[in-house]
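J.: This is the structure I want to talk about, given as structure tokens.
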Amino acid sequence: MPGTAKRRTPSPQWLLLVPAFALITVILLVPLGQSLVRSAGSPDWTLQHYQTLFTDGVTLRVLARTAMTAAMVTVIAFLLGYPYAYLMTRVGPRLRGVLLVIVLIPFWTSVMARNFAWIIILQRNGPVHSFLEQFGLDIVLYGTVGGVTIAMSQVLLPFMVLPLFSALSGIDRRLLLAARGLGSHPLAAFWKVYWPLSRGGVVAGLILVFTLSLGFYVTPALLGSPQQSLVAQLLGQRTTQLLDFAGASALGMLVLVVTLVLVAWANRLGGTISAIGVVAATRTKDQP
Amino acid sequence: MTRALSDIETEAGEPPAPRPRRTRRSTRGVDPIPWWLFVIVFLVGLYFILPTLIVIPMSFSSATTFQFPPKGFSLKLYENFFTNPVWLTSLRNSVLVAVLSATLATVVGTAAALGLHNLTGRLARFARTVLMISIVTPAIVIAVAVYISFLKWQLVGTITGYVLAHAAIAVPFVLVSVTSALGGFDPKLLRASASLGAPPHRTFLRVTMPLISRGIITGAIFAFVTSFDEVVIALFLRSPLFQTLPVQMYNSVTVEIDPTIAASSSLVVTAVTIICLVLQFVGNRGKTR
């Protein structure tokens with residue numbers, strides 16, 4: 001770019017970026033950079049804090065639990081999100097608009113209101129507990145990883161549905177009709193023709209939901225239990241209770257790197273940040 | 001596969017271009033939608049709105065616990081919300097922080113969107129990624145890093161700290177919506193304005209601004225809601241002297257078991273819904289113009 005005189009006004013336009021960069025740099029990049037330095041350089045240049053993560057016995061267990069929970073959330077979001085996104089591509093514009101508004105509701109429901117509602121729903125003697133008791137099941141989901149999974153899946157479903165909808169609405173259904181015209185069973189036509197075409201959106205949605213699940217803090221803190229904490233809780237606890245800033249920074253960097261790698265991967269497959277852009281765009285641009 | 005991918009593969013932050021819609025009416029008879037799909041989608045839709053459905057009746061409960069279904073009907077929780085100084089102060093703090101941080105984020109975000117407009121190439125892409133970084137970074141990682149640095153800078157528990165942190169995480173939302181508004185912007189208008197003798201600042205105020213105002217307003221509202229509802233960073237930056245409404249709500253389920261959170265929740269849910277409807281209205285007006 002520099003050197004090519006294609007643009008008529010190159011330098012003044014770049015100046016417009018300065019305020020935003022100053023803000024992001026000072027408030028986000030410097031603290032993250034200090035975290036990195038702290039994790040590897042206190043008191044001296046050392047990888048000891050990272051080593052501790054893998055040898056203290058606790059962190060690895062929490063990381064495994066977090067990955068398991070994220071995987072469960074991702075599977076649930078996929079199983080519920082795929083039919084939803086599929087139907088969105090099939091119905092008329094009016095019903096599609098309604099379905100889109102509904103899918104955005106979790107995105108708009110206040111974080112604390114939503115978690116409070118899940119406490120009510122999942123608590124002992126709450127609606128879910130009473131319902132299960134009728135079948136002789138004394139299961140309280142509040143305070144368990146199961147409860148956390150249910151609450152997280154609900155709020156992450158939009159991030160599955162939107163990239164899927166984007167991918168599915170690009171598929172030409174006449175291909176399916178052609179397959180069936182050639183004698184294929186509807187299910188076989190779906191599996192052989194439609195599913196492979198949708199796989200790009202599926203993979204993007206899976207990675208996106210999995211990645212976002214890794215960082216959840218409020219939901220596991222309120223609906224889970226300290227005995228079964230997830231990595232975000234561990235991170236918070238090491239910072240504010242144990243004041244182990246170097247250890248917390250190392251763990252934070254680990255979570256950050258894993259997240260960024262997954263996001264970069266999803267982005268290569270198509271549309272992670274743009275999936276979030278879709279959420280924004282659906283509010284700003286015309287509803288389909 | 002490549003076709004489906006190319007459809008969603010867009011520049012970071014840019015919404016996918018609207019694709020031409022085929023009429024599928026002719027295929028309806030041979031290609032029916034199975035009825036059970038509607039059942040599944042209905043249940044999933046219920047799952048989406050379940051928390052909202054629970055919160056509103058809870059707020060009219062007369063009980064002092066979290067029991068559901070709520071016992072009796074009263075406005076006691078609302079009365080408590082609007083008379084208890086702890087709740088009122090938290091609400092005031094939240095509004096203050098959200099207004100200030102949304103203003104800051106909108107100004108710097110709009111400038112950045114204009115700065116990046118029509119720029120392509122590696123450097124511009126890198127710049128956009130840096131500005132969007134907070135969207136892909138887990139809130140807890142930001143919260144912990146910001147908390148430790150802010151401790152040193154003595155910003156924990158201060159309104160300045162809250163405003164700066166919230167503005168930084170709201171910038172991507174402004175960037176996305178202004179960029180999307182700029183997508184339909186014809187650069188020939190700028191040259192036309194300049195050729196008619198308008199200096200650049202006049203061109204900006206009279207030509208650019210009116211055309212992208214919808215994107216700016218949307219971005220500002222997004223930034224406001226982002227800050228108003230932000231809880232993770234807020235939990236780390238809180239102090240006994242300064243906390244926001246989400247933090248007080250958090251306290252009310254962890255420390256106090258105070259059912260006033262039900263009133264607070266339904267007020268916030270209602271407020272955000274109204275904001276969304278306004279946003280929708282702004283959007284639709286722009287469309288028909």
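Just remember, in the structure tokens the first chain shown is A, the second B, etc., residues are 1-based per chain, and ligands are 1-based in the order shown.
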Extract, using only C-alpha atoms, all DNA, RNA and protein residues at most 10 Å from segment 229-242 of chain A, discarding same-chain residues fewer than 2 positions from it, and format them as an NGL selection string.
T.: (:A and (58-67 or 69-70 or 144-145 or 214-221 or 224-227 or 244-252 or 255)) or (:B and (138-141 or 143-145 or 147-148 or 232 or 235-236))
J.: Might you pull out every residue within 10 Å of segment 164-170 of chain B, with only C-alpha atoms counted and same-chain residues fewer than 2 positions away left off, and present them as an MDAnalysis selection string?
T.: (chainID A and resid 20:28) or (chainID B and resid 97:106 108:109 131:135 137 139 142:143 146:147 150 155 159:162 172:175 219:220 222:228 230 233:234 237)
J.: Now that the selection is made, can you save its residues with C-alpha atoms as a CSV table (one decimal), in the first residue's frame?
T.:
```
chain,number,residue,atom,x,y,z
A,20,ALA,CA,-9.6,4.2,18.1
A,21,PHE,CA,-6.1,2.7,18.1
A,22,ALA,CA,-5.1,4.8,21.1
A,23,LEU,CA,-8.1,3.6,23.1
A,24,ILE,CA,-7.7,-0.1,22.1
A,25,THR,CA,-4.0,0.0,22.7
A,26,VAL,CA,-4.0,1.6,26.1
A,27,ILE,CA,-7.1,-0.2,27.5
A,28,LEU,CA,-6.8,-3.7,25.9
B,97,VAL,CA,-21.2,4.7,32.4
B,98,ALA,CA,-23.2,3.5,29.4
B,99,VAL,CA,-23.9,7.0,28.1
B,100,LEU,CA,-20.2,8.1,28.5
B,101,SER,CA,-18.7,5.0,27.1
B,102,ALA,CA,-21.2,4.8,24.2
B,103,THR,CA,-20.3,8.4,23.3
B,104,LEU,CA,-16.6,7.7,23.4
B,105,ALA,CA,-16.9,4.5,21.4
B,106,THR,CA,-19.2,6.1,18.8
B,108,VAL,CA,-13.6,6.9,17.9
B,109,GLY,CA,-15.4,4.0,16.2
B,131,LEU,CA,-9.8,-2.9,16.4
B,132,MET,CA,-12.1,-6.0,16.5
B,133,ILE,CA,-9.9,-8.0,18.8
B,134,SER,CA,-12.1,-7.6,21.9
B,135,ILE,CA,-14.9,-9.4,20.1
B,137,THR,CA,-11.2,-12.4,23.2
B,139,ALA,CA,-14.4,-11.3,28.5
B,142,ILE,CA,-9.9,-9.1,29.2
B,143,ALA,CA,-11.3,-8.6,32.7
B,146,VAL,CA,-7.5,-5.0,32.7
B,147,TYR,CA,-8.1,-5.5,36.5
B,150,PHE,CA,-6.0,-0.9,36.4
B,155,LEU,CA,-8.6,3.0,37.9
B,159,ILE,CA,-16.0,5.8,36.7
B,160,THR,CA,-13.1,6.6,34.4
B,161,GLY,CA,-12.0,2.9,34.6
B,162,TYR,CA,-15.5,1.7,33.8
B,172,PRO,CA,-16.2,-3.1,17.3
B,173,PHE,CA,-20.0,-2.8,17.3
B,174,VAL,CA,-19.8,0.8,16.2
B,175,LEU,CA,-17.1,-0.1,13.6
B,219,GLY,CA,-23.7,1.7,16.6
B,220,ALA,CA,-24.2,4.1,19.5
B,222,PHE,CA,-25.2,-1.1,20.4
B,223,ALA,CA,-22.4,0.5,22.4
B,224,PHE,CA,-24.9,1.7,25.1
B,225,VAL,CA,-26.5,-1.8,25.5
B,226,THR,CA,-23.0,-3.4,25.5
B,227,SER,CA,-21.9,-1.3,28.4
B,228,PHE,CA,-25.2,-1.3,30.2
B,230,GLU,CA,-21.7,-5.8,30.8
B,233,ILE,CA,-15.4,-6.7,33.6
B,234,ALA,CA,-17.7,-4.7,35.9
B,237,LEU,CA,-13.7,-3.2,38.5
```
J.: Between A:Thr89, A:Gln13, A:Ser184, A:Thr211, which one has atoms that come closest to chain B, using only C-alpha atoms?
T.: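 Nearest candidate to chain B out of A:Thr89, A:Gln13, A:Ser184, A:Thr211: A:Gln13.
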J.: For atom CA of Phe126 of chain B and atom CA of Ser166 of chain A, quote the distance in Å rounded to one decimal.
T.: 25.0 Å
J.: So which bits of segment 17-266 of chain B end up alpha helix (DSSP H) when you DSSP the backbone, as a ChimeraX atom specification?
T.: /B:35-58,76-83,85-116,122-136,139-153,159-183,188-195,200-203,209-229,232-237,245-254,260-266
J.: Residues near segment 252-268 of chain B, anyone? I mean within 10 Å using only C-alpha atoms, not counting same-chain ones fewer than 4 positions away, as a ChimeraX atom specification.
T.: /A:109-117,119,221-222 /B:52-67,75-82,84,87,91,228-229,245-248,272-274
J.: Write the residues you've just listed into a file as a compact mmCIF listing (two decimals), in the first residue's frame, and include C-alpha atoms for each of them.
T.:
```txt
# COMPACT_ATOMS: atom_id res chain seq x y z
CA THR A 109 -31.80 -10.73 26.94
CA SER A 110 -29.74 -9.09 29.65
CA VAL A 111 -26.97 -11.39 30.93
CA MET A 112 -28.01 -11.13 34.56
CA ALA A 113 -31.75 -11.40 33.83
CA ARG A 114 -31.11 -14.54 31.80
CA ASN A 115 -28.95 -16.19 34.44
CA PHE A 116 -31.42 -15.24 37.16
CA ALA A 117 -34.19 -16.86 35.11
CA ILE A 119 -31.60 -20.12 38.54
CA ALA A 221 -20.27 -18.97 38.50
CA LEU A 222 -23.99 -18.61 39.16
CA THR B 52 -37.82 -13.84 29.30
CA LEU B 53 -41.09 -15.66 29.96
CA ILE B 54 -39.96 -16.52 33.49
CA VAL B 55 -38.55 -13.17 34.55
CA ILE B 56 -41.63 -11.02 34.00
CA PRO B 57 -44.14 -12.95 36.15
CA MET B 58 -41.45 -13.33 38.83
CA SER B 59 -41.21 -9.57 39.14
CA PHE B 60 -44.84 -9.33 40.33
CA SER B 61 -44.34 -11.89 43.08
CA SER B 62 -45.14 -11.01 46.67
CA ALA B 63 -42.81 -13.67 48.08
CA THR B 64 -39.42 -12.90 49.57
CA THR B 65 -37.81 -15.96 48.00
CA PHE B 66 -37.05 -17.11 44.46
CA GLN B 67 -39.94 -19.62 44.32
CA LEU B 75 -45.66 -4.39 43.03
CA LYS B 76 -43.52 -4.75 46.14
CA LEU B 77 -40.35 -5.65 44.23
CA TYR B 78 -40.70 -2.64 41.95
CA GLU B 79 -41.34 -0.42 44.94
CA ASN B 80 -38.21 -1.79 46.55
CA PHE B 81 -36.18 -1.22 43.39
CA PHE B 82 -37.20 2.41 43.12
CA ASN B 84 -33.75 1.32 47.84
CA TRP B 87 -30.43 -0.29 43.59
CA LEU B 91 -28.91 2.10 38.10
CA PHE B 228 -25.25 -1.25 30.25
CA ASP B 229 -25.40 -5.05 30.30
CA LEU B 245 -26.56 -2.41 38.04
CA PRO B 246 -25.45 -5.84 36.68
CA VAL B 247 -23.00 -6.07 39.60
CA GLN B 248 -25.76 -5.30 42.09
CA VAL B 272 -33.70 -3.37 25.93
CA THR B 273 -36.74 -4.62 23.99
CA ILE B 274 -37.98 -1.06 23.55
```
J.: Name the closest residue to chain B among the candidates A:Val73, A:Met68, A:Leu132, A:Val261; distances are taken between atoms, counting only C-alpha atoms.
T.: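 Closest candidate: A:Val261.
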